[in-house]
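Okay, structure first, notes after.
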Amino acid sequence: MQKLERLQSAVPLLLEWYRVSKRTLPWRGTHDFYRIWVSEIMLQQTRVEAVKDYYLRFLQKFPTVEALASADEGEVLKAWEGLGYYSRARNLHKAAKLIREHGFPKTYEGIRALPGVGDYTAGAIASIAYELPCPAVDGNVLRILTRLLADDTNIDLSGAKEQFAVLLKQVYPKEAGEFCQALMELGALVCTPSGPPQCLVCPWRELCLARLNGEVDRYPVRAPKRARKIEEHTVLVLRYQGEYALQKREKKGLLAGLWQFPFAEGEAETYGSVLECKSAVHIFTHVEWHMTGFLIEAKEKFPQYTWETAAEIAEKYALPSAFKAFKGWLT
Ligand code: SF4
């Protein structure tokens, strides 16, 4: 059986399976652009289970694109607190302002031009909101397709996603939104990224070449992983008369422009008397922060920092989850 023919046969099997097996998720069953867009941005690099509650709370706070466009950036970041990758929230806010001015984009190209929207997200929104035949190819889709077709393409090479998008486009059914979500669902529930795939309950079990050849483990073919860079940081939770010091990060790079507990330059003891100390590790995609945190009774109200009470910090500042281990010191 040729590649295209195999893929064509896989489409109805997948749709049939999806209709029976899909999860009930808060962003499903709608063609509302705003709701689909917010969900797709939140789901970038974040697991479905982690997104659900944030999504509902976010929509409660910003029920329309106008409400989001009119909010302060600080409010949007606060609603995003804990989801990570904050540039997504900034871009969502920027895009909401553009949409308020020009209306929702109606084409793949228009959606792709919004800040924070890449090929995958544009494809997903176009398929789900407008039923357009625009494939959305991410690592999950590459995994299930390379297994189905026993395809040796190195999925880390640039061009791999486009190659599979071209292939998928040729078999896209008229139920574009369902098909797009069904591919994601199979990758999330059955042909999963970690652990052995559940071939016995897979709708493609009689069709999947990797399984028929007994070579499921061989796919997807990937380039060897780059080791993460390790950075050591000394984190200061400085307390002075019931207020705590915060500093704003540089506008560029990791956690750009967000507030954090100050990073020490030099010994922690030079800032005051140390009350407690603990270590924490936070893992980003390419970097690991190995942090040593100090709770310190500061000897003065150092002017280079912004000082706030614990209640004000909880209410107004979106402290990245990298600092979670030290937040318990705020009282
Ligand atoms: S049969 Fe197994 S390996 Fe093939 S797509 Fe299904 S779950 Fe994945």
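Here, A, B, ... name the chains of the structure tokens in the order displayed, residue numbers run from 1 inside each chain, and ligands are numbered from 1 in the same displayed order.
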Nearby residues, ligand 1, 12 Å, only C-alpha atoms and all ligand atoms, as a PyMOL selection string: chain A and resi 7+10+13-14+17+140-151+183-220
Excluding Asn154 of chain A and residues on its chain fewer than 3 positions from it, collect all residues at most 7 Å away from it, counting only C-alpha atoms, and give them as number ranges by chain. A: 157, 221-223
Kindly export the residues of the current selection with C-alpha atoms, as a JSON list (two decimals), in the first residue's frame.
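So the final result, stored in out.json, reads:
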```json
[["chain", "number", "residue", "atom", "x", "y", "z"],
["A", 157, "LEU", "CA", 15.13, 18.59, 10.89],
["A", 221, "VAL", "CA", 13.55, 9.21, 14.35],
["A", 222, "ARG", "CA", 15.11, 12.14, 16.22],
["A", 223, "ALA", "CA", 18.40, 14.01, 16.44]]
```
Need to verify the contact set: Val281 of chain A, 12 Å, only C-alpha atoms, exclusion of same-chain residues closer than 4 positions in sequence. Can you return it as a ChimeraX atom specification? /A:230-235,287-293,321-326
Output the selection as a tab-separated table (two decimals), in the first residue's frame - N, CA and C atoms for each residue.
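File produced: result.tsv:
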```tsv
chain	number	residue	atom	x	y	z
A	230	ILE	N	23.37	24.60	32.64
A	230	ILE	CA	23.04	24.77	34.06
A	230	ILE	C	23.54	26.13	34.55
A	231	GLU	N	22.64	26.90	35.16
A	231	GLU	CA	23.02	28.21	35.72
A	231	GLU	C	22.79	28.17	37.23
A	232	GLU	N	23.75	28.68	37.98
A	232	GLU	CA	23.61	28.76	39.44
A	232	GLU	C	23.17	30.18	39.79
A	233	HIS	N	22.16	30.30	40.65
A	233	HIS	CA	21.72	31.64	41.09
A	233	HIS	C	21.51	31.67	42.59
A	234	THR	N	21.83	32.81	43.17
A	234	THR	CA	21.53	33.04	44.59
A	234	THR	C	20.33	33.98	44.62
A	235	VAL	N	19.23	33.50	45.22
A	235	VAL	CA	17.97	34.25	45.21
A	235	VAL	C	17.75	34.84	46.60
A	287	VAL	N	17.55	25.46	29.64
A	287	VAL	CA	18.38	25.88	30.78
A	287	VAL	C	17.81	25.30	32.07
A	288	GLU	N	18.71	24.98	33.00
A	288	GLU	CA	18.27	24.62	34.35
A	288	GLU	C	18.79	25.66	35.31
A	289	TRP	N	17.91	26.16	36.16
A	289	TRP	CA	18.37	27.07	37.22
A	289	TRP	C	18.56	26.25	38.49
A	290	HIS	N	19.75	26.26	39.03
A	290	HIS	CA	20.01	25.66	40.33
A	290	HIS	C	20.11	26.83	41.31
A	291	MET	N	19.07	26.98	42.14
A	291	MET	CA	18.98	28.18	42.97
A	291	MET	C	19.22	27.86	44.44
A	292	THR	N	19.91	28.79	45.10
A	292	THR	CA	20.00	28.75	46.56
A	292	THR	C	19.29	30.01	47.03
A	293	GLY	N	18.24	29.83	47.82
A	293	GLY	CA	17.45	30.98	48.27
A	293	GLY	C	17.73	31.31	49.72
A	321	SER	N	6.74	30.78	38.15
A	321	SER	CA	6.72	29.60	39.01
A	321	SER	C	8.13	29.10	39.34
A	322	ALA	N	9.14	29.60	38.63
A	322	ALA	CA	10.52	29.25	38.98
A	322	ALA	C	10.82	29.60	40.45
A	323	PHE	N	10.09	30.58	41.00
A	323	PHE	CA	10.37	31.03	42.36
A	323	PHE	C	9.41	30.44	43.39
A	324	LYS	N	8.63	29.47	42.95
A	324	LYS	CA	7.60	28.88	43.80
A	324	LYS	C	8.14	28.43	45.17
A	325	ALA	N	9.33	27.82	45.14
A	325	ALA	CA	9.89	27.27	46.38
A	325	ALA	C	10.11	28.34	47.45
A	326	PHE	N	10.25	29.60	47.02
A	326	PHE	CA	10.59	30.66	47.98
A	326	PHE	C	9.39	31.52	48.36
```
Enumerate, as a ChimeraX atom specification, the complete set of residues in segment 58-298 of chain A that a backbone-based DSSP assignment places in strand (DSSP E or B). /A:154,221,229-240,243-248,259-260,263,272-283,287-298
Give me every helix (DSSP H, G or I) residue in segment 157-251 of chain A, going by DSSP on the backbone, as number ranges by chain. A: 160-169, 176-189, 199-201, 209-212, 216-218
Please produce an output containing C-alpha atoms for each residue in the selection, written as a CSV table (one decimal), in the first residue's frame.
```
chain,number,residue,atom,x,y,z
A,160,ALA,CA,9.9,17.8,8.6
A,161,LYS,CA,6.7,19.5,9.7
A,162,GLU,CA,6.1,21.1,6.3
A,163,GLN,CA,6.7,17.7,4.6
A,164,PHE,CA,3.9,16.1,6.7
A,165,ALA,CA,1.7,19.1,6.4
A,166,VAL,CA,1.8,18.7,2.6
A,167,LEU,CA,1.0,15.0,2.9
A,168,LEU,CA,-1.9,15.7,5.3
A,169,LYS,CA,-3.4,18.4,3.2
A,176,ALA,CA,-11.4,19.7,9.3
A,177,GLY,CA,-11.8,20.7,12.9
A,178,GLU,CA,-12.6,17.2,14.1
A,179,PHE,CA,-9.8,15.7,12.2
A,180,CYS,CA,-7.3,18.2,13.6
A,181,GLN,CA,-8.4,17.5,17.1
A,182,ALA,CA,-8.6,13.7,16.5
A,183,LEU,CA,-4.9,13.7,15.5
A,184,MET,CA,-4.0,15.5,18.7
A,185,GLU,CA,-6.2,13.2,20.8
A,186,LEU,CA,-4.7,10.0,19.4
A,187,GLY,CA,-1.2,11.4,20.3
A,188,ALA,CA,-2.4,12.3,23.8
A,189,LEU,CA,-4.4,9.2,24.7
A,199,CYS,CA,-1.7,-0.3,20.1
A,200,LEU,CA,-4.4,-2.8,21.1
A,201,VAL,CA,-7.0,0.0,21.4
A,209,LEU,CA,3.3,0.0,9.6
A,210,ALA,CA,5.5,0.4,12.6
A,211,ARG,CA,3.3,-1.9,14.6
A,212,LEU,CA,3.0,-4.5,11.7
A,216,VAL,CA,7.2,0.9,17.1
A,217,ASP,CA,10.2,1.9,19.2
A,218,ARG,CA,12.1,3.0,16.1
```
Hey, could you make a per-residue contact list for segment 207-299 of chain A against segment 86-109 of chain A with 10 Å as the cut-off, showing the nearest pair of atoms and its distance in Å to one decimal, counting only C-alpha atoms, sorted by chain and number, as a tab-separated table?
```
residue	atom	partner	partner_atom	distance
A:Leu254	CA	A:Tyr86	CA	9.4
A:Leu255	CA	A:Tyr86	CA	6.8
A:Ala256	CA	A:Ser87	CA	7.8
A:Gly257	CA	A:Tyr86	CA	9.4
A:Leu258	CA	A:Tyr86	CA	8.3
```
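Excluding Ala311 of chain A and any residue on its chain fewer than 4 positions from it, the residues at most 9 Å away by only C-alpha atoms are A:Glu315, A:Lys316, A:Leu330, A:Thr331.
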With the cut-off set at 8 Å and counting only C-alpha atoms, tabulate each residue of segment 74-126 of chain A with an atom at most that distance from an atom of segment 46-63 of chain A, showing the nearest atom pair and its distance in Å to one decimal, ordered by chain and increasing number, as a tab-separated table.
```
residue	atom	partner	partner_atom	distance
A:Ala79	CA	A:Phe58	CA	6.2
A:Trp80	CA	A:Tyr54	CA	7.4
A:Leu83	CA	A:Thr46	CA	7.6
```
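Residues lying within 12 Å of Thr285 of chain A, counting only C-alpha atoms and ignoring same-chain neighbours fewer than 6 positions away, are A:Gln45, A:Thr46, A:Gly84, A:Tyr85, A:Lys225, A:Arg226, A:Ala227, A:Arg228, A:Lys229, A:Ile230, A:Leu254.
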Save the residues we just selected, N, CA, C and O atoms, as a CSV table (one decimal), in the first residue's frame?
```
chain,number,residue,atom,x,y,z
A,45,GLN,N,3.1,24.3,24.5
A,45,GLN,CA,4.1,23.8,25.5
A,45,GLN,C,3.5,23.5,26.9
A,45,GLN,O,4.2,23.5,27.9
A,46,THR,N,2.2,23.4,27.0
A,46,THR,CA,1.6,23.1,28.3
A,46,THR,C,0.6,22.0,28.2
A,46,THR,O,-0.1,21.9,27.2
A,84,GLY,N,3.5,29.9,32.9
A,84,GLY,CA,4.9,29.9,32.3
A,84,GLY,C,4.9,30.5,30.9
A,84,GLY,O,3.8,30.8,30.3
A,85,TYR,N,6.1,30.6,30.3
A,85,TYR,CA,6.2,31.1,28.9
A,85,TYR,C,5.4,32.4,28.8
A,85,TYR,O,4.4,32.4,28.0
A,225,LYS,N,19.6,14.6,21.7
A,225,LYS,CA,19.2,15.8,22.5
A,225,LYS,C,20.5,16.6,22.9
A,225,LYS,O,21.5,16.1,23.2
A,226,ARG,N,20.3,18.0,22.8
A,226,ARG,CA,21.3,18.8,23.4
A,226,ARG,C,21.2,18.9,24.9
A,226,ARG,O,20.1,18.9,25.4
A,227,ALA,N,22.3,18.9,25.6
A,227,ALA,CA,22.3,18.9,27.0
A,227,ALA,C,21.8,20.3,27.5
A,227,ALA,O,22.1,21.3,26.8
A,228,ARG,N,21.0,20.4,28.5
A,228,ARG,CA,20.6,21.7,29.1
A,228,ARG,C,21.8,22.4,29.7
A,228,ARG,O,22.6,21.8,30.4
A,229,LYS,N,21.8,23.7,29.6
A,229,LYS,CA,22.8,24.6,30.3
A,229,LYS,C,22.4,24.7,31.7
A,229,LYS,O,21.2,25.0,32.0
A,230,ILE,N,23.4,24.6,32.6
A,230,ILE,CA,23.0,24.8,34.1
A,230,ILE,C,23.5,26.1,34.5
A,230,ILE,O,24.7,26.5,34.3
A,254,LEU,N,15.1,34.9,28.9
A,254,LEU,CA,14.3,34.1,29.7
A,254,LEU,C,13.4,35.0,30.7
A,254,LEU,O,13.9,35.9,31.3
```
Here is a test: counting only C-alpha atoms, which residue of A:Glu300, A:Pro173, A:Ile125, A:Gln260 is nearest to Gln8 of chain A? A:Pro173
